[in-house]
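Novice: Could you have a look at this structure, given as structure tokens, before my questions?
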Amino acid sequence: MVTATKPLSWAGGALYPAALFLMLGGAPHASHTVHAIGALLATSLLVGVLRHAPLITWAMTLMGSTTVVLFTYGYPHSASVSYQSRFLSYLAVDVLLGVIIATRARRTSLIAAAVTFAVQFTAIAGLSRGPFALIGTGVIALLAMVTSCVVGVLIRERREHAAAWRAQALADAVTAERLRIARELHDMVAHSIGIIAIQAGVGKRVIETQPAEACNALEAIEATSRETLSGLRHTLVALRRTHPGEDPEVTPLAPSPCLTDIDRLATATTEAGVCVVVHWSGERRQLPPELELAAYRIVQEAVTNVVRHAGAGHCQVAIAYKEDALSVEITDNGRGMPNSTPARGFGITGMRERVRLLDGRFGAGPRPEGGFRVTAELPAPKSVTDVTGAR
């Protein structure tokens with residue numbers, strides 16, 4: 001389609017000088033207004049060229065309009081009061097100058113504006129009859145040219161602003177996706193590594209005295225490692241899927257974790273040596289996947305912090321289904337957050353980001369009675385469906 005359109009566009013450009021020649025030669029004694037309007041209409045032949053070469057279109061129009069102005073100067077009717085109408089043909093040049101300013105580099109636009117100004121006002125100064133006619137025609141031509149330039153600048157600034165906005169939106173989307181992937185990998189790996197570290201320590205201590213217990217620890221390490229590798233594999237597969245229509249059977253994706261997986265998380269953590277007790281309250285219902293994933297990851301990260309940092313033997317997880325929100329609270333009786341802790345890492349930051357994305361409320365800090373508390377309240381839809389087979 002493009003290859004067929006381009007020759008037609010250049011054919012229209014070739015017809016432009018022919019149309020001017022026929023107009024001037026076929027009606028040499030027509031009025032200046034007729035010649036100027038004819039030159040403006042002939043410019044429509046250059047619309048196709050304008051799409052591919054705006055500068056060539058502007059140059060051809062400038063030369064054509066100037067030819068019409070000069071060619072009609074010596075006609076007998078040039079003494080008519082309407083002789084100034086011959087300069088109407090320059091309106092097409094002004095319009096194309098606005099297109100150049102809107103679409104081309106600033107240096108090119110300045111050169112085009114300077115050439116247009118020089119040619120137009122040289123012709124006006126040389127062909128105007130008397131100082132009053134020169135001033136009147138010059139002011140009108142200057143206003144037309146300035147208007148075109150201003151419109152071109154406004155269009156250019158709007159295009160640049162739109163391009164900058166699109167670039168910023170793309171950068172924000174990339175940053176948001178990078179942070180999402182970082183949160184997923186952190187929450188997935190940190191918990192598993194914490195469980196593996198605890199089970200490895202248990203196995204090391206009892207490998208000589210309690211071989212059966214050491215074997216159980218190794219089995220837990222194996223199961224946790226396989227689960228983590230599977231999760232990483234599915235994450236990487238999802239990242240590498242560049243074609244939306246790719247067959248899901250070829251690249252299967254595991255479902256995202258949800259609230260129904262919290263009991264399994266508590267069991268795995270309890271087997272690692274930290275007892276996790278889960279309390280459910282409220283009417284169980286199906287929630288949006290992104291909300292359930294966020295709640296699961298918050299519980300997972302909070303429990304991981306208990307395992308790795310709190311030095312506690314147990315922790316409690318309270319999940320409450322409210323009318324318009326889901327409340328999550330994780331508490332422990334450990335040592336809280338010592339002032340000597342060198343860095344907090346990314347766990348609390350990731351949890352806070354998840355809650356903020358869902359317009360919820362988040363809190364994390366030491367408890368007055370000892371230990372640490374993490375709370376999150378996530379807005380939940382009121383129209384829900386009861387979970388079948390709920391615990």
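We name chains A, B, ... following the order of the structure tokens; residues begin at 1 in each chain, and ligands are numbered from 1 as shown.
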Would you please give, as a PyMOL selection string, all residues of stretch 89-312 of chain A that DSSP assigns to helix (DSSP H, G or I) based on the backbone?

Specialist: chain A and resi 89-103+106-127+131-206+211-240+259-271+289-310

Novice: Looking only at the backbone, which of the residues in stretch 134-354 of chain A does DSSP tag as strand (DSSP E or B), as a PyMOL selection string?

Specialist: chain A and resi 275-282+314-321+325-332

Novice: Keeping C-alpha atoms, export the residues of the selection given above as an mmCIF file, in the first residue's frame.

Specialist:
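Result file follows (part.cif):
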data_model
loop_
_atom_site.group_PDB
_atom_site.id
_atom_site.type_symbol
_atom_site.label_atom_id
_atom_site.label_comp_id
_atom_site.auth_asym_id
_atom_site.auth_seq_id
_atom_site.Cartn_x
_atom_site.Cartn_y
_atom_site.Cartn_z
ATOM 1 C CA CYS A 275 5.241 -22.682 65.627
ATOM 2 C CA VAL A 276 2.798 -20.634 63.559
ATOM 3 C CA VAL A 277 -0.830 -20.481 64.701
ATOM 4 C CA VAL A 278 -3.380 -19.115 62.248
ATOM 5 C CA HIS A 279 -6.681 -17.604 63.434
ATOM 6 C CA TRP A 280 -9.476 -16.997 60.918
ATOM 7 C CA SER A 281 -12.440 -14.730 61.625
ATOM 8 C CA GLY A 282 -15.296 -13.289 59.640
ATOM 9 C CA HIS A 314 6.112 -19.178 67.918
ATOM 10 C CA CYS A 315 4.042 -16.469 66.270
ATOM 11 C CA GLN A 316 0.368 -15.835 65.630
ATOM 12 C CA VAL A 317 -1.312 -14.917 62.353
ATOM 13 C CA ALA A 318 -4.792 -13.367 62.539
ATOM 14 C CA ILE A 319 -6.789 -12.983 59.328
ATOM 15 C CA ALA A 320 -10.138 -11.204 59.593
ATOM 16 C CA TYR A 321 -12.718 -10.865 56.823
ATOM 17 C CA ALA A 325 -11.720 -4.967 54.069
ATOM 18 C CA LEU A 326 -9.344 -7.803 54.808
ATOM 19 C CA SER A 327 -7.278 -7.424 57.967
ATOM 20 C CA VAL A 328 -4.002 -9.260 58.552
ATOM 21 C CA GLU A 329 -1.975 -9.209 61.768
ATOM 22 C CA ILE A 330 1.220 -11.134 62.556
ATOM 23 C CA THR A 331 2.660 -11.000 66.073
ATOM 24 C CA ASP A 332 5.484 -12.772 67.867
#

Novice: Quick one: residues within 6 Å of stretch 302-310 of chain A, only C-alpha atoms counted, chain neighbours fewer than 2 positions away excluded, as a list of chain:residue names?

Specialist: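 What passes the distance filter is A:His191, A:Val299, A:Gln300, A:Ala312, A:Gly334, A:Arg335.
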
Novice: Take the residues that were just selected and, keeping N, CA and C atoms, output them as a CSV table (one decimal), in the first residue's frame.

Specialist:
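Written out: out-v8.csv:
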chain,number,residue,atom,x,y,z
A,191,HIS,N,11.8,-16.6,52.3
A,191,HIS,CA,11.1,-17.5,53.2
A,191,HIS,C,11.8,-18.9,53.1
A,299,VAL,N,2.0,-12.1,54.9
A,299,VAL,CA,2.1,-13.1,55.9
A,299,VAL,C,3.4,-13.9,55.7
A,300,GLN,N,3.7,-14.2,54.5
A,300,GLN,CA,4.9,-15.0,54.3
A,300,GLN,C,6.2,-14.2,54.7
A,312,ALA,N,12.1,-16.1,68.1
A,312,ALA,CA,10.9,-16.5,68.9
A,312,ALA,C,10.6,-17.9,68.6
A,334,GLY,N,9.2,-12.4,70.2
A,334,GLY,CA,10.6,-12.4,70.1
A,334,GLY,C,11.3,-11.1,70.6
A,335,ARG,N,12.4,-10.8,70.1
A,335,ARG,CA,13.2,-9.7,70.6
A,335,ARG,C,12.9,-8.4,69.9

Novice: Could you check how far atom CA of A:Thr57 sits from atom CA of A:Val150, in Å to one decimal?

Specialist: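 Taking atom CA of A:Thr57 as the start and atom CA of A:Val150 as the end point, the length is 20.0 Å.
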
Novice: Skipping near chain neighbours, those fewer than 5 positions away, what residues fall within 12 Å of stretch 103-106 of chain A using only C-alpha atoms, listed as JSON, numbers by chain?

Specialist: {"A": [50, 51, 52, 53, 54, 55, 96, 97, 98, 111, 112, 113, 149, 151, 152, 153, 154, 155, 156, 157, 158, 159, 160]}

Novice: Quick one: write out the picked residues with N, CA and C atoms as a compact mmCIF listing (two decimals), in the first residue's frame?

Specialist:
# COMPACT_ATOMS: atom_id res chain seq x y z
N LEU A 50 3.62 16.26 0.73
CA LEU A 50 3.78 16.79 2.09
C LEU A 50 3.98 15.66 3.10
N ARG A 51 3.32 14.53 2.91
CA ARG A 51 3.46 13.41 3.85
C ARG A 51 4.87 12.85 3.86
N HIS A 52 5.56 12.88 2.72
CA HIS A 52 6.88 12.27 2.61
C HIS A 52 8.02 13.30 2.69
N ALA A 53 7.79 14.53 2.19
CA ALA A 53 8.87 15.51 2.12
C ALA A 53 8.30 16.91 2.36
N PRO A 54 8.07 17.29 3.62
CA PRO A 54 7.52 18.62 3.89
C PRO A 54 8.39 19.76 3.39
N LEU A 55 9.71 19.61 3.48
CA LEU A 55 10.59 20.69 3.03
C LEU A 55 10.49 20.91 1.53
N LEU A 96 2.35 25.93 5.22
CA LEU A 96 3.41 24.91 5.16
C LEU A 96 4.58 25.27 6.07
N LEU A 97 4.82 26.56 6.25
CA LEU A 97 5.86 26.96 7.21
C LEU A 97 5.49 26.51 8.61
N GLY A 98 4.19 26.64 8.97
CA GLY A 98 3.75 26.13 10.27
C GLY A 98 3.96 24.63 10.40
N ILE A 111 15.62 28.40 9.54
CA ILE A 111 16.05 28.68 8.16
C ILE A 111 14.83 28.85 7.25
N ALA A 112 13.85 27.96 7.38
CA ALA A 112 12.65 28.06 6.56
C ALA A 112 11.90 29.36 6.84
N ALA A 113 11.81 29.75 8.12
CA ALA A 113 11.13 31.01 8.46
C ALA A 113 11.88 32.21 7.89
N CYS A 149 3.50 30.56 12.42
CA CYS A 149 4.63 30.15 13.25
C CYS A 149 4.19 29.82 14.67
N VAL A 151 1.19 28.84 15.69
CA VAL A 151 0.45 27.58 15.68
C VAL A 151 1.41 26.40 15.55
N GLY A 152 2.41 26.54 14.69
CA GLY A 152 3.40 25.46 14.54
C GLY A 152 4.16 25.20 15.83
N VAL A 153 4.54 26.28 16.55
CA VAL A 153 5.26 26.11 17.81
C VAL A 153 4.38 25.42 18.84
N LEU A 154 3.10 25.82 18.92
CA LEU A 154 2.18 25.19 19.87
C LEU A 154 2.01 23.71 19.57
N ILE A 155 1.84 23.38 18.29
CA ILE A 155 1.70 21.96 17.93
C ILE A 155 2.98 21.20 18.27
N ARG A 156 4.12 21.81 18.01
CA ARG A 156 5.40 21.17 18.30
C ARG A 156 5.55 20.91 19.80
N GLU A 157 5.24 21.92 20.61
CA GLU A 157 5.35 21.75 22.06
C GLU A 157 4.38 20.69 22.57
N ARG A 158 3.20 20.64 21.97
CA ARG A 158 2.23 19.62 22.38
C ARG A 158 2.74 18.23 22.04
N ARG A 159 3.33 18.06 20.86
CA ARG A 159 3.88 16.77 20.46
C ARG A 159 5.04 16.37 21.37
N GLU A 160 5.92 17.34 21.67
CA GLU A 160 7.05 17.04 22.56
C GLU A 160 6.57 16.68 23.95

Novice: Might you pull out every residue within 8 Å of stretch 197-208 of chain A, with only C-alpha atoms counted and same-chain residues fewer than 2 positions away left off, and present them as a list of chain:residue names?

Specialist: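 Once the adjacent positions are removed, what remains is A:Ile193, A:Gly194, A:Ile195, A:Gln210, A:Pro211, A:Glu213, A:Ala214, A:Cys215, A:Ala217, A:Leu218, A:Ala220, A:Ile221, A:Ala272, A:Gly273.
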
Novice: With only C-alpha atoms as the atoms that count, which of A:Leu287, A:Val355, A:Val47, A:Leu70 lies nearest to A:Pro381?

Specialist: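 Among the listed residues, A:Leu287 lies closest to A:Pro381.
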
Novice: Interatomic distance between atom CA of A:Gly126 and atom CA of A:Ala18?

Specialist: 26.4 Å

Novice: Between atom CA of A:Ala376 and atom CA of A:Phe362, what distance in Å does the model show, to one decimal?

Specialist: 4.5 Å

Novice: So that I can check the surroundings of stretch 256-258 of chain A, please list as number ranges by chain every protein, DNA and RNA residue that reaches within 8 Å of it, counting only C-alpha atoms and ignoring chain neighbours fewer than 2 positions away.

Specialist: A: 254, 260-262, 289, 292-293, 295-296
